[in-house]
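Colleague: mmCIF, C-alpha atoms, file entry_14.cif:
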```cif
data_structure
#
loop_
_atom_site.label_atom_id
_atom_site.label_comp_id
_atom_site.auth_asym_id
_atom_site.auth_seq_id
_atom_site.Cartn_x
_atom_site.Cartn_y
_atom_site.Cartn_z
CA GLY A 196 -9.22 -12.89 13.37
CA ALA A 197 -5.47 -12.73 13.33
CA GLY A 198 -5.21 -10.58 10.23
CA VAL A 199 -7.13 -8.66 7.59
CA SER A 200 -9.44 -11.00 5.72
CA GLN A 201 -10.87 -10.35 2.26
CA SER A 202 -13.49 -12.27 0.34
CA PRO A 203 -13.80 -13.60 -2.21
CA SER A 204 -10.19 -14.34 -3.09
CA ASN A 205 -11.06 -14.42 -6.75
CA LYS A 206 -14.06 -13.09 -8.64
CA VAL A 207 -14.82 -13.46 -12.32
CA THR A 208 -17.75 -11.41 -13.52
CA GLU A 209 -19.32 -10.44 -16.79
CA LYS A 210 -19.03 -6.91 -18.05
CA GLY A 211 -21.95 -4.83 -16.84
CA LYS A 212 -22.60 -6.84 -13.67
CA ASP A 213 -22.25 -5.42 -10.16
CA VAL A 214 -19.77 -6.89 -7.68
CA GLU A 215 -19.26 -6.60 -3.94
CA LEU A 216 -15.90 -7.12 -2.30
CA ARG A 217 -15.67 -7.63 1.45
CA CYS A 218 -12.99 -6.70 3.96
CA ASP A 219 -12.81 -7.80 7.60
CA PRO A 220 -10.19 -5.64 9.31
CA ILE A 221 -8.16 -6.56 12.36
CA SER A 222 -10.35 -6.23 15.44
CA GLY A 223 -9.98 -2.82 17.04
CA HIS A 224 -8.40 -1.13 14.03
CA THR A 225 -10.12 2.19 13.48
CA ALA A 226 -8.61 2.98 10.08
CA LEU A 227 -9.47 1.03 6.93
CA TYR A 228 -8.17 1.57 3.40
CA TRP A 229 -8.97 0.22 -0.04
CA TYR A 230 -6.35 0.14 -2.78
CA ARG A 231 -6.35 -1.18 -6.32
CA GLN A 232 -3.35 -2.87 -7.89
CA SER A 233 -3.34 -3.56 -11.59
CA LEU A 234 -0.98 -6.22 -12.92
CA GLY A 235 2.61 -5.18 -12.28
CA GLN A 236 1.54 -1.73 -11.13
CA GLY A 237 1.57 0.25 -7.91
CA LEU A 238 -1.02 0.67 -5.18
CA GLU A 239 -3.73 3.09 -6.26
CA PHE A 240 -5.56 4.68 -3.33
CA LEU A 241 -9.35 4.35 -3.54
CA ILE A 242 -10.97 5.23 -0.21
CA TYR A 243 -10.06 5.66 3.46
CA PHE A 244 -12.24 5.27 6.55
CA GLN A 245 -10.99 6.85 9.78
CA GLY A 246 -13.03 6.04 12.86
CA ASN A 247 -16.39 7.80 12.75
CA SER A 248 -15.22 10.57 10.42
CA ALA A 249 -16.57 10.97 6.91
CA PRO A 250 -14.56 8.74 4.56
CA ASP A 251 -11.98 10.16 2.19
CA LYS A 252 -13.35 9.12 -1.20
CA SER A 253 -10.94 11.16 -3.26
CA GLY A 254 -9.40 8.11 -4.93
CA LEU A 255 -12.56 6.50 -6.28
CA PRO A 256 -12.14 6.49 -10.08
CA SER A 257 -15.81 6.95 -10.99
CA ASP A 258 -19.30 7.04 -9.51
CA ARG A 259 -19.60 3.32 -10.27
CA PHE A 260 -17.41 2.75 -7.23
CA SER A 261 -18.68 3.05 -3.67
CA ALA A 262 -17.76 1.70 -0.26
CA GLU A 263 -19.33 1.37 3.13
CA ARG A 264 -18.05 0.50 6.54
CA THR A 265 -20.70 -0.78 8.89
CA GLY A 266 -20.35 -0.50 12.65
CA GLY A 267 -16.78 0.65 12.32
CA SER A 268 -15.70 -2.82 11.30
CA VAL A 269 -16.50 -4.72 8.09
CA SER A 270 -16.25 -2.81 4.82
CA THR A 271 -17.77 -3.53 1.43
CA LEU A 272 -16.48 -2.11 -1.84
CA THR A 273 -19.13 -2.13 -4.56
CA ILE A 274 -18.45 -1.73 -8.25
CA GLN A 275 -21.51 -1.21 -10.41
CA ARG A 276 -21.74 -1.97 -14.11
CA THR A 277 -18.25 -3.45 -14.16
CA GLN A 278 -15.96 -2.78 -17.11
CA GLN A 279 -12.87 -4.62 -18.29
CA GLU A 280 -10.58 -1.87 -17.02
CA ASP A 281 -11.85 -2.64 -13.49
CA SER A 282 -9.90 -5.91 -13.60
CA ALA A 283 -7.27 -5.74 -10.87
CA VAL A 284 -6.42 -6.93 -7.38
CA TYR A 285 -8.34 -4.98 -4.76
CA LEU A 286 -6.45 -4.73 -1.50
CA CYS A 287 -7.83 -3.75 1.87
CA ALA A 288 -5.69 -2.64 4.81
CA SER A 289 -6.38 -1.62 8.38
CA SER A 290 -4.44 0.11 11.12
CA LEU A 291 -4.63 1.76 14.48
CA LEU A 292 -4.32 5.53 14.49
CA GLN A 293 -2.34 6.21 17.61
CA PRO A 294 1.45 6.24 17.23
CA PRO A 295 3.61 4.26 17.47
CA ASN A 296 1.33 1.35 16.50
CA THR A 297 0.22 2.68 13.13
CA GLU A 298 1.38 -0.04 10.75
CA ALA A 299 -1.13 -0.71 7.97
CA PHE A 300 -1.76 -4.46 7.61
CA PHE A 301 -2.94 -5.68 4.24
CA GLY A 302 -5.35 -8.44 3.38
CA GLN A 303 -4.52 -10.99 0.70
CA GLY A 304 -6.63 -9.13 -1.83
CA THR A 305 -9.49 -9.96 -4.17
CA ARG A 306 -8.50 -10.62 -7.75
CA LEU A 307 -11.30 -9.27 -9.92
CA THR A 308 -11.52 -10.31 -13.56
CA VAL A 309 -14.16 -8.72 -15.78
CA VAL A 310 -14.81 -10.68 -18.95
CA GLY B 285 -2.88 16.16 -2.37
CA GLU B 286 0.19 14.12 -1.69
CA ASN B 287 2.18 12.73 -4.60
CA VAL B 288 4.98 10.19 -4.17
CA GLU B 289 7.53 9.48 -6.86
CA GLN B 290 9.75 6.39 -6.63
CA HIS B 291 12.93 5.51 -8.52
CA PRO B 292 14.14 3.35 -10.06
CA SER B 293 11.26 1.23 -11.33
CA THR B 294 13.56 -1.78 -11.67
CA LEU B 295 16.87 -2.53 -9.99
CA SER B 296 19.18 -5.47 -10.44
CA VAL B 297 22.16 -6.03 -8.14
CA GLN B 298 24.63 -8.79 -7.46
CA GLU B 299 24.15 -10.81 -4.32
CA GLY B 300 26.10 -9.22 -1.50
CA ASP B 301 26.01 -5.74 -2.99
CA SER B 302 23.88 -2.86 -1.70
CA ALA B 303 20.61 -1.60 -3.15
CA VAL B 304 19.20 1.91 -2.82
CA ILE B 305 15.66 2.99 -3.68
CA LYS B 306 14.68 6.65 -3.57
CA CYS B 307 11.36 8.43 -3.11
CA THR B 308 10.25 12.03 -3.15
CA TYR B 309 7.02 13.43 -1.75
CA SER B 310 5.17 16.67 -2.37
CA ASP B 311 3.26 17.46 0.83
CA SER B 312 5.48 19.06 3.46
CA ALA B 313 2.86 18.11 6.09
CA SER B 314 3.57 14.40 5.58
CA ASN B 315 5.24 12.96 8.63
CA TYR B 316 5.11 9.18 8.34
CA PHE B 317 7.06 7.20 5.73
CA PRO B 318 6.77 3.41 5.63
CA TRP B 319 8.35 0.96 3.22
CA TYR B 320 6.54 -2.19 2.12
CA LYS B 321 7.86 -5.34 0.50
CA GLN B 322 5.62 -7.36 -1.79
CA GLU B 323 6.73 -10.80 -2.88
CA LEU B 324 5.18 -12.31 -5.98
CA GLY B 325 1.53 -13.15 -5.41
CA LYS B 326 1.58 -12.02 -1.80
CA ARG B 327 0.30 -9.06 0.14
CA PRO B 328 2.49 -6.02 0.88
CA GLN B 329 4.19 -6.19 4.27
CA LEU B 330 5.85 -3.43 6.25
CA ILE B 331 9.63 -3.76 6.52
CA ILE B 332 10.60 -0.45 8.07
CA ASP B 333 9.14 2.99 8.68
CA ILE B 334 10.35 6.41 9.76
CA ARG B 335 8.71 9.48 11.20
CA SER B 336 9.59 13.07 10.40
CA ASN B 337 11.29 13.70 13.73
CA VAL B 338 14.00 11.18 12.85
CA GLY B 339 16.62 11.43 10.11
CA GLU B 340 17.66 7.80 9.93
CA LYS B 341 16.51 4.42 11.16
CA LYS B 342 18.21 1.07 10.85
CA ASP B 343 17.08 -2.52 11.30
CA GLN B 344 19.79 -5.09 10.61
CA ARG B 345 20.52 -4.92 6.86
CA ILE B 346 17.81 -2.36 6.14
CA ALA B 347 18.01 1.37 6.74
CA VAL B 348 15.88 4.34 5.80
CA THR B 349 17.00 7.97 5.62
CA LEU B 350 14.79 11.03 5.50
CA ASN B 351 15.59 14.54 4.30
CA LYS B 352 12.64 16.73 5.23
CA THR B 353 14.07 19.83 3.63
CA ALA B 354 14.43 18.16 0.26
CA LYS B 355 11.31 16.03 0.81
CA HIS B 356 12.94 12.76 -0.06
CA PHE B 357 13.60 9.48 1.67
CA SER B 358 15.54 6.41 0.72
CA LEU B 359 15.69 2.69 1.47
CA HIS B 360 19.09 1.08 1.77
CA ILE B 361 19.56 -2.69 1.76
CA THR B 362 23.07 -3.95 2.45
CA GLU B 363 24.56 -7.40 1.87
CA THR B 364 21.66 -8.30 -0.40
CA GLN B 365 20.42 -11.88 -0.49
CA PRO B 366 18.23 -13.74 -3.02
CA GLU B 367 15.25 -13.50 -0.65
CA ASP B 368 15.41 -9.72 -0.93
CA SER B 369 14.07 -10.05 -4.49
CA ALA B 370 10.61 -8.46 -4.45
CA VAL B 371 8.75 -5.27 -5.28
CA TYR B 372 9.34 -2.49 -2.78
CA PHE B 373 6.90 0.38 -2.24
CA CYS B 374 7.50 3.61 -0.39
CA ALA B 375 4.61 5.60 1.01
CA ALA B 376 3.87 8.87 2.75
CA SER B 377 1.06 10.12 4.92
CA GLY B 378 0.18 13.29 6.77
CA GLY B 379 -1.52 13.87 10.09
CA TYR B 380 -0.60 11.31 12.69
CA GLY B 381 -0.07 7.65 12.12
CA ALA B 382 -0.65 5.78 8.89
CA GLN B 383 -3.33 8.16 7.63
CA LYS B 384 -4.27 7.94 3.96
CA LEU B 385 -1.09 6.32 2.80
CA VAL B 386 -0.07 7.41 -0.68
CA PHE B 387 2.26 4.92 -2.35
CA GLY B 388 5.01 5.25 -4.89
CA GLN B 389 4.86 3.19 -8.06
CA GLY B 390 7.16 0.48 -6.72
CA THR B 391 10.65 -0.83 -7.49
CA ARG B 392 11.17 -4.36 -8.70
CA LEU B 393 14.41 -5.49 -7.07
CA THR B 394 16.19 -8.54 -8.45
CA ILE B 395 19.18 -10.05 -6.65
CA ASN B 396 21.44 -11.97 -9.00
CA PRO B 397 23.29 -14.92 -7.44
#
```
How would this structure read if it were set down as structure tokens?

Modeller:
Amino acid sequence: GAGVSQSPSNKVTEKGKDVELRCDPISGHTALYWYRQSLGQGLEFLIYFQGNSAPDKSGLPSDRFSAERTGGSVSTLTIQRTQQEDSAVYLCASSLLQPPNTEAFFGQGTRLTVV
Amino acid sequence: GENVEQHPSTLSVQEGDSAVIKCTYSDSASNYFPWYKQELGKRPQLIIDIRSNVGEKKDQRIAVTLNKTAKHFSLHITETQPEDSAVYFCAASGGYGAQKLVFGQGTRLTINP
């Protein structure tokens, strides 16, 4: 596709349920990032995939959060046993790694609401 | 790990005046510093970036300066217009390219007509 695509755009879930958020990066982009943005707040780093290297998971807030990237392309962020504080917009971004074309392009985000 | 501090959190300027947003970073190995603009309800988009081998970069009304010694960089917007109203985020990353971008907390810029 022409840009980073995320699905669903909006997700309302009950507390305690598991959710899966999907990110389709720009074709050929070897780097993929997940960020979380609470209302009116900044971009909180969650996880970073770089090519075939082990992902940098240092930003995941708890063991309820996990992410996979299959075949170096699509990524899924899974939140288990959701809690109300998980409510936020989850943003995915992708980029090339070789300068100078290293701009990170963001998807439109998934707005998660835990009720 | 890297930590990026951004100031101010809100900024209001008169149309036509200049706006300056400042960021500091902690990791001296960081070498890539992009700035993103996020309009209400939209995704962040890159407006300008700078690498550590350059002290200043300009693109029309937008400029970014970098002081590696002091580990701070700034965004300058001149001749501000209403469409400049948005939230601006600075970021820093180490290694090469846009690797593990760490963002500042954002500055909400309002341009008053």

Colleague: Counting all atoms listed in the file, what are the residues of chain A within 10 Å of chain B, and for each of them which pair of atoms is the nearest and at what distance in Å, to one decimal? Sort the table by chain and rising number, as a Markdown table.

Modeller:
```
| residue | atom | partner | partner_atom | distance |
| --- | --- | --- | --- | --- |
| A:Ala226 | CA | B:Gln383 | CA | 7.8 |
| A:Leu227 | CA | B:Lys384 | CA | 9.1 |
| A:Tyr228 | CA | B:Lys384 | CA | 7.5 |
| A:Trp229 | CA | B:Lys384 | CA | 9.9 |
| A:Tyr230 | CA | B:Val386 | CA | 9.8 |
| A:Gly235 | CA | B:Gly390 | CA | 9.1 |
| A:Gln236 | CA | B:Gln389 | CA | 6.7 |
| A:Gly237 | CA | B:Gln389 | CA | 4.4 |
| A:Leu238 | CA | B:Phe387 | CA | 6.1 |
| A:Glu239 | CA | B:Phe387 | CA | 7.4 |
| A:Phe240 | CA | B:Val386 | CA | 6.7 |
| A:Leu241 | CA | B:Lys384 | CA | 9.7 |
| A:Ile242 | CA | B:Lys384 | CA | 8.3 |
| A:Tyr243 | CA | B:Lys384 | CA | 6.2 |
| A:Phe244 | CA | B:Lys384 | CA | 8.8 |
| A:Gln245 | CA | B:Gln383 | CA | 8.1 |
| A:Asp251 | CA | B:Lys384 | CA | 8.2 |
| A:Ser253 | CA | B:Gly285 | CA | 9.5 |
| A:Leu286 | CA | B:Arg327 | CA | 8.2 |
| A:Cys287 | CA | B:Arg327 | CA | 9.9 |
| A:Ala288 | CA | B:Pro328 | CA | 9.7 |
| A:Ser289 | CA | B:Ala382 | CA | 9.4 |
| A:Ser290 | CA | B:Ala382 | CA | 7.2 |
| A:Leu291 | CA | B:Gly381 | CA | 7.8 |
| A:Leu292 | CA | B:Gly381 | CA | 5.3 |
| A:Gln293 | CA | B:Gly381 | CA | 6.1 |
| A:Pro294 | CA | B:Gly381 | CA | 5.5 |
| A:Pro295 | CA | B:Gly381 | CA | 7.3 |
| A:Asn296 | CA | B:Gly381 | CA | 7.8 |
| A:Thr297 | CA | B:Gly381 | CA | 5.1 |
| A:Glu298 | CA | B:Ala382 | CA | 6.4 |
| A:Ala299 | CA | B:Ala382 | CA | 6.6 |
| A:Phe300 | CA | B:Gln329 | CA | 7.0 |
| A:Phe301 | CA | B:Arg327 | CA | 6.2 |
| A:Gly302 | CA | B:Arg327 | CA | 6.5 |
| A:Gln303 | CA | B:Arg327 | CA | 5.2 |
| A:Gly304 | CA | B:Arg327 | CA | 7.2 |
```

Colleague: Grab the atom CA of B:Asn351 to atom CA of B:Ser310 distance for me, in Å with one decimal place.

Modeller: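 Straight-line distance from atom CA of B:Asn351 to atom CA of B:Ser310 works out to 12.6 Å.
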
Colleague: Pull out every residue that the PyMOL selection byres ((chain B and resi 296) around 6) matches in the shown coordinates and put them as a ChimeraX atom specification.

Modeller: /B:295,297,393-395

Colleague: What does the distance between atom CA of A:Gly246 and atom CA of A:Ile221 come to in Å, to one decimal place?

Modeller: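 Between atom CA of A:Gly246 and atom CA of A:Ile221 the gap is 13.5 Å.
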
Colleague: One decimal, Å: what's the distance from atom CA of A:Thr308 over to atom CA of A:Lys252, could you say?

Modeller: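 Rounded to one decimal, the two atoms are 23.1 Å apart.
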
Colleague: Selection in question (the file shown): the PyMOL selection byres ((chain B and resi 313) around 8). Which residues does it include, as a list in words?

Modeller: Asp311, Ser312, Ser314, Asn315, Gly378 and Gly379 of chain B

Colleague: Nearest to A:Ala283: which of A:Ala262, A:Val269, A:Cys218, A:Val207 is it, counting all atoms listed in the file?

Modeller: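 When distances to A:Ala283 are compared using all atoms listed in the file, the smallest one comes from A:Val207.
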
Colleague: For this file, the PyMOL selection byres ((chain A and resi 273-275) around 7) selects which residues, as an mmCIF file with C-alpha atoms, in the coordinates of the input?

Modeller:
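Here's the written file expr_16.cif:
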```
data_model
loop_
_atom_site.group_PDB
_atom_site.id
_atom_site.type_symbol
_atom_site.label_atom_id
_atom_site.label_comp_id
_atom_site.auth_asym_id
_atom_site.auth_seq_id
_atom_site.Cartn_x
_atom_site.Cartn_y
_atom_site.Cartn_z
ATOM 1 C CA LYS A 212 -22.600 -6.840 -13.670
ATOM 2 C CA ASP A 213 -22.250 -5.420 -10.160
ATOM 3 C CA VAL A 214 -19.770 -6.890 -7.680
ATOM 4 C CA GLU A 215 -19.260 -6.600 -3.940
ATOM 5 C CA LEU A 216 -15.900 -7.120 -2.300
ATOM 6 C CA ARG A 259 -19.600 3.320 -10.270
ATOM 7 C CA PHE A 260 -17.410 2.750 -7.230
ATOM 8 C CA SER A 261 -18.680 3.050 -3.670
ATOM 9 C CA ALA A 262 -17.760 1.700 -0.260
ATOM 10 C CA THR A 271 -17.770 -3.530 1.430
ATOM 11 C CA LEU A 272 -16.480 -2.110 -1.840
ATOM 12 C CA ARG A 276 -21.740 -1.970 -14.110
ATOM 13 C CA THR A 277 -18.250 -3.450 -14.160
#
```

Colleague: Is it possible to get the axis-aligned box enclosing stretch 232-240 of chain A (all listed atoms, 4 Å extra per side) as lines of an AutoDock Vina configuration file, with centre and edge lengths in Å rounded to one decimal?

Modeller:
```
center_x = -1.5
center_y = -0.8
center_z = -8.1
size_x = 16.2
size_y = 18.9
size_z = 17.6
```

Colleague: Please determine, counting all atoms listed in the file, which residue among B:Ser293, B:Ser377, B:Phe317, B:Tyr309 has the shortest atom-to-atom distance to B:Val348.

Modeller: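 Between B:Ser293, B:Ser377, B:Phe317, B:Tyr309, the residue approaching B:Val348 most closely is B:Phe317.
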
Colleague: Rank B:Trp319, B:Asn396, B:Thr353, B:Glu286 by their smallest atom-to-atom distance to B:Lys341, using all atoms listed in the file, and report the top residue only.

Modeller: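 Selected residue with least distance to B:Lys341: B:Trp319.
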
Colleague: Can you pull stretch 299-310 of chain A out of that block with N, CA and C atoms and hand it back as an mmCIF file, in the first residue's frame?

Modeller:
```
data_model
loop_
_atom_site.group_PDB
_atom_site.id
_atom_site.type_symbol
_atom_site.label_atom_id
_atom_site.label_comp_id
_atom_site.auth_asym_id
_atom_site.auth_seq_id
_atom_site.Cartn_x
_atom_site.Cartn_y
_atom_site.Cartn_z
ATOM 1 N N ALA A 299 10.472 7.981 9.613
ATOM 2 C CA ALA A 299 9.485 7.055 10.152
ATOM 3 C C ALA A 299 8.096 7.549 9.758
ATOM 4 N N PHE A 300 7.339 6.711 9.062
ATOM 5 C CA PHE A 300 5.985 7.040 8.628
ATOM 6 C C PHE A 300 5.002 6.369 9.580
ATOM 7 N N PHE A 301 4.053 7.146 10.048
ATOM 8 C CA PHE A 301 3.083 6.640 11.010
ATOM 9 C C PHE A 301 1.796 6.200 10.327
ATOM 10 N N GLY A 302 1.168 5.178 10.924
ATOM 11 C CA GLY A 302 -0.190 4.830 10.549
ATOM 12 C C GLY A 302 -1.169 5.770 11.233
ATOM 13 N N GLN A 303 -2.448 5.570 10.954
ATOM 14 C CA GLN A 303 -3.470 6.463 11.512
ATOM 15 C C GLN A 303 -3.823 6.111 12.947
ATOM 16 N N GLY A 304 -3.326 4.950 13.402
ATOM 17 C CA GLY A 304 -3.543 4.569 14.785
ATOM 18 C C GLY A 304 -4.789 3.729 15.003
ATOM 19 N N THR A 305 -4.780 3.007 16.108
ATOM 20 C CA THR A 305 -5.965 2.291 16.595
ATOM 21 C C THR A 305 -6.335 2.893 17.938
ATOM 22 N N ARG A 306 -7.552 3.401 18.002
ATOM 23 C CA ARG A 306 -8.043 3.961 19.277
ATOM 24 C C ARG A 306 -8.677 2.829 20.075
ATOM 25 N N LEU A 307 -8.026 2.481 21.179
ATOM 26 C CA LEU A 307 -8.511 1.405 22.036
ATOM 27 C C LEU A 307 -9.206 1.999 23.254
ATOM 28 N N THR A 308 -10.425 1.539 23.492
ATOM 29 C CA THR A 308 -11.182 1.956 24.662
ATOM 30 C C THR A 308 -11.546 0.713 25.457
ATOM 31 N N VAL A 309 -11.136 0.663 26.694
ATOM 32 C CA VAL A 309 -11.445 -0.465 27.572
ATOM 33 C C VAL A 309 -12.517 -0.009 28.556
ATOM 34 N N VAL A 310 -13.639 -0.690 28.521
ATOM 35 C CA VAL A 310 -14.771 -0.279 29.373
ATOM 36 C C VAL A 310 -15.048 -1.306 30.475
#
```
